[in-house]
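Novice: Mind having a look at this structure? Questions to follow.
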Amino acid sequence: MPELPEVETVRRAIAPALEGRRLEHVEISDARLTRPEDPQEIAAELTGERVERVERRGKYLVVRFASGRSLLIHLRMTGSLLRDPAGSTHLRAVLRLDDGSQLGYRDVRRFGTWLLLEPGELDPYLARRLGKEPLERFTSRDLAARLAGRRIAVKGALLDQRTVAGLGNIYADEALWYARMSPLRPAGSLADDDVRRVHRGVRRALAAGIERQGSTLRDYRLPDGSSGSMQHEFRVYGRAGEPCERCGTPIAKTRVAGRGTWYCPTCQPAFAAAEAS
Ligand SMILES: [Zn+2]
């Protein structure tokens with residue numbers, strides 16, 4: 001599933017093509033995309049809107065229109081946006097812009113969503129679902145406040161979008177490796193410097209992902225059809241049995257919060273907190 005770095009990479013690629021443009025014709029060919037709203041109605045509502053800015057919040061793309069409305073796009077498992085979509089398979093929507101160019105939305109597994117929000121609805125909608133943006137004004141104290149008192153594993157807490165927005169399974173594992181933190185530690189058991197390390201790890205993992213234009217797994221593609229390269233830089237994700245590049249211990253795999261979880265058993269010991277306290 002695309003996480004913050006992948007969605008940010010998509011945003012950067014499509015923003016120049018969309019900003020300032022008017023949607024001249026909108027076709028939505030999959031009722032699941034706009035469910036429970038009727039896709040024809042949403043297409044008609046979008047037609048004529050002028051795009052002011054393309055932003056990102058967590059894993060959402062936010063297309064803000066001059067009218068004050070916004071379109072909230074979540075790519076979920078396999079959604080992607082394509083410039084020049086002609087000839088693509090699994091197209092679920094096509095936007096024709098007033099300069100004659102087209103932007104396509106492709107989604108093999110069809111879990112992606114498009115939600116049209118009226119003026120004033122965007123901020124409360126996102127505020128209910130998302131914590132702070134990890135690469136903006138997000139401090140170690142913010143993270144500490146979100147972890148305090150929680151019994152769930154720290155990895156599970158990081159996957160909760162209200163803890164901090166934008167992390168998914170890949171970057172949570174990478175962040176905890178950078179932080180030398182066991183994914184299994186109860187979130188509320190972290191001491192202040194544990195939290196500081198996790199905070200730095202989160203930012204470092206996400207920044208590395210953005211720099212490499214995200215990772216390319218399954219059907220994620222950049223809007224020009226190319227691929228990111230972060231998958232070649234993973235420290236732990238998907239690397240069971242390979243040596244930890246810090247200490248040489250084979251990377252282990254377990255399950256946390258129902259998700260496959262990779263970590264270094266030496267660098268990320270499970271019971272450091274219990275021994276220290
Ligand atoms: Zn290690």
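Identifiers in this document derive from the order of the structure tokens: chains are assigned A, B, ..., residues are numbered from 1 separately in each chain, and ligands are numbered from 1 in order of occurrence.
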Taking only C-alpha atoms and all ligand atoms into account, list the residues no farther than 9 Å from ligand 1, as a PDB file with N, CA, C and O atoms, in the first residue's frame.
Specialist:
```pdb
ATOM      1  N   TRP A 177      13.659   0.214  13.149  1.00  0.00           N
ATOM      2  CA  TRP A 177      15.059  -0.242  12.998  1.00  0.00           C
ATOM      3  C   TRP A 177      16.007   0.936  13.229  1.00  0.00           C
ATOM      4  O   TRP A 177      16.952   0.832  13.998  1.00  0.00           O
ATOM      5  N   ARG A 180      16.363   1.629  16.791  1.00  0.00           N
ATOM      6  CA  ARG A 180      16.824   0.500  17.618  1.00  0.00           C
ATOM      7  C   ARG A 180      15.758   0.122  18.649  1.00  0.00           C
ATOM      8  O   ARG A 180      16.054  -0.138  19.829  1.00  0.00           O
ATOM      9  N   PRO A 243      21.479 -10.356   6.623  1.00  0.00           N
ATOM     10  CA  PRO A 243      22.165  -9.748   7.765  1.00  0.00           C
ATOM     11  C   PRO A 243      21.752  -8.297   8.006  1.00  0.00           C
ATOM     12  O   PRO A 243      21.607  -7.530   7.059  1.00  0.00           O
ATOM     13  N   CYS A 244      21.565  -7.952   9.282  1.00  0.00           N
ATOM     14  CA  CYS A 244      21.352  -6.547   9.663  1.00  0.00           C
ATOM     15  C   CYS A 244      22.592  -5.777   9.249  1.00  0.00           C
ATOM     16  O   CYS A 244      23.707  -6.201   9.544  1.00  0.00           O
ATOM     17  N   GLU A 245      22.413  -4.645   8.600  1.00  0.00           N
ATOM     18  CA  GLU A 245      23.614  -3.959   8.122  1.00  0.00           C
ATOM     19  C   GLU A 245      24.368  -3.233   9.242  1.00  0.00           C
ATOM     20  O   GLU A 245      25.484  -2.801   9.069  1.00  0.00           O
ATOM     21  N   ARG A 246      23.761  -3.166  10.426  1.00  0.00           N
ATOM     22  CA  ARG A 246      24.451  -2.553  11.558  1.00  0.00           C
ATOM     23  C   ARG A 246      25.262  -3.586  12.330  1.00  0.00           C
ATOM     24  O   ARG A 246      26.362  -3.310  12.786  1.00  0.00           O
ATOM     25  N   CYS A 247      24.708  -4.806  12.511  1.00  0.00           N
ATOM     26  CA  CYS A 247      25.363  -5.761  13.410  1.00  0.00           C
ATOM     27  C   CYS A 247      25.529  -7.158  12.820  1.00  0.00           C
ATOM     28  O   CYS A 247      26.157  -8.014  13.434  1.00  0.00           O
ATOM     29  N   GLY A 248      24.986  -7.417  11.661  1.00  0.00           N
ATOM     30  CA  GLY A 248      25.174  -8.717  11.006  1.00  0.00           C
ATOM     31  C   GLY A 248      24.195  -9.811  11.425  1.00  0.00           C
ATOM     32  O   GLY A 248      24.143 -10.866  10.804  1.00  0.00           O
ATOM     33  N   THR A 249      23.414  -9.570  12.483  1.00  0.00           N
ATOM     34  CA  THR A 249      22.421 -10.569  12.911  1.00  0.00           C
ATOM     35  C   THR A 249      21.370 -10.758  11.810  1.00  0.00           C
ATOM     36  O   THR A 249      20.931  -9.769  11.224  1.00  0.00           O
ATOM     37  N   PRO A 250      20.971 -12.003  11.545  1.00  0.00           N
ATOM     38  CA  PRO A 250      19.904 -12.185  10.544  1.00  0.00           C
ATOM     39  C   PRO A 250      18.610 -11.462  10.959  1.00  0.00           C
ATOM     40  O   PRO A 250      18.188 -11.558  12.119  1.00  0.00           O
ATOM     41  N   ILE A 251      18.019 -10.770  10.021  1.00  0.00           N
ATOM     42  CA  ILE A 251      16.750 -10.075  10.271  1.00  0.00           C
ATOM     43  C   ILE A 251      15.666 -11.131  10.535  1.00  0.00           C
ATOM     44  O   ILE A 251      15.601 -12.146   9.857  1.00  0.00           O
ATOM     45  N   TYR A 263      12.488  -7.134  11.872  1.00  0.00           N
ATOM     46  CA  TYR A 263      13.300  -6.372  12.826  1.00  0.00           C
ATOM     47  C   TYR A 263      14.608  -7.121  13.064  1.00  0.00           C
ATOM     48  O   TYR A 263      14.731  -8.309  12.742  1.00  0.00           O
ATOM     49  N   CYS A 264      15.571  -6.442  13.673  1.00  0.00           N
ATOM     50  CA  CYS A 264      16.828  -7.073  14.053  1.00  0.00           C
ATOM     51  C   CYS A 264      16.743  -7.445  15.536  1.00  0.00           C
ATOM     52  O   CYS A 264      16.615  -6.558  16.385  1.00  0.00           O
ATOM     53  N   PRO A 265      16.817  -8.732  15.864  1.00  0.00           N
ATOM     54  CA  PRO A 265      16.651  -9.140  17.262  1.00  0.00           C
ATOM     55  C   PRO A 265      17.771  -8.614  18.161  1.00  0.00           C
ATOM     56  O   PRO A 265      17.569  -8.489  19.371  1.00  0.00           O
ATOM     57  N   THR A 266      18.931  -8.278  17.601  1.00  0.00           N
ATOM     58  CA  THR A 266      20.036  -7.745  18.412  1.00  0.00           C
ATOM     59  C   THR A 266      19.906  -6.231  18.618  1.00  0.00           C
ATOM     60  O   THR A 266      19.974  -5.741  19.745  1.00  0.00           O
ATOM     61  N   CYS A 267      19.714  -5.504  17.528  1.00  0.00           N
ATOM     62  CA  CYS A 267      19.614  -4.043  17.639  1.00  0.00           C
ATOM     63  C   CYS A 267      18.283  -3.585  18.250  1.00  0.00           C
ATOM     64  O   CYS A 267      18.187  -2.466  18.741  1.00  0.00           O
ATOM     65  N   GLN A 268      17.265  -4.427  18.153  1.00  0.00           N
ATOM     66  CA  GLN A 268      15.924  -4.033  18.604  1.00  0.00           C
ATOM     67  C   GLN A 268      15.405  -5.045  19.633  1.00  0.00           C
ATOM     68  O   GLN A 268      14.406  -5.735  19.398  1.00  0.00           O
TER      69      GLN A 268
END
```
Novice: Which residues are close to Arg255 (chain A), i.e. within 10 Å by only C-alpha atoms, leaving aside same-chain residues fewer than 4 positions away? Reply as a list in words.
Specialist: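 Listed by chain and then number, they are Pro183, Leu184, Arg259, Gly260, Thr261 and Trp262 of chain A.
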Novice: Between A:Gly58, A:Gly225, A:Gly100, A:Gly168, single out the one closest to Pro134 (chain A), counting only C-alpha atoms.
Specialist: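 Smallest separation from Pro134 (chain A) among the options: A:Gly58.
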Novice: Of the residues A:Val256, A:Leu18, A:Val202, A:Ala43, which is the one nearest to Asp98 (chain A), using only C-alpha atoms?
Specialist: A:Leu18
Novice: Excluding region 28-32 of chain A and any residue of its chain fewer than 2 positions from it, enumerate the residues within 6 Å of it, using only C-alpha atoms, and give them as number ranges by chain.
Specialist: A: 34-35, 39, 92-93
Novice: Can you check which residues of region 141-215 of chain A DSSP gives as helix (DSSP H, G or I) on the backbone and send them as JSON, numbers by chain?
Specialist: {"A": [141, 142, 143, 144, 145, 146, 147, 154, 155, 156, 157, 158, 159, 169, 170, 171, 172, 173, 174, 175, 176, 177, 178, 187, 188, 189, 192, 193, 194, 195, 196, 197, 198, 199, 200, 201, 202, 203, 204, 205, 206, 207, 208, 209, 210, 211]}
Novice: Can you list, as a ChimeraX atom specification, every residue of region 71-140 of chain A that DSSP puts in strand (DSSP E)?
Specialist: /A:71-74,79-83,91-97,102-107,113-117
Novice: When you draw a straight line from CA of Lys59 (chain A) to CA of Arg197 (chain A), how long is it in Å?
Specialist: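 Atom-to-atom, CA of Lys59 (chain A) to CA of Arg197 (chain A), that is 23.1 Å.
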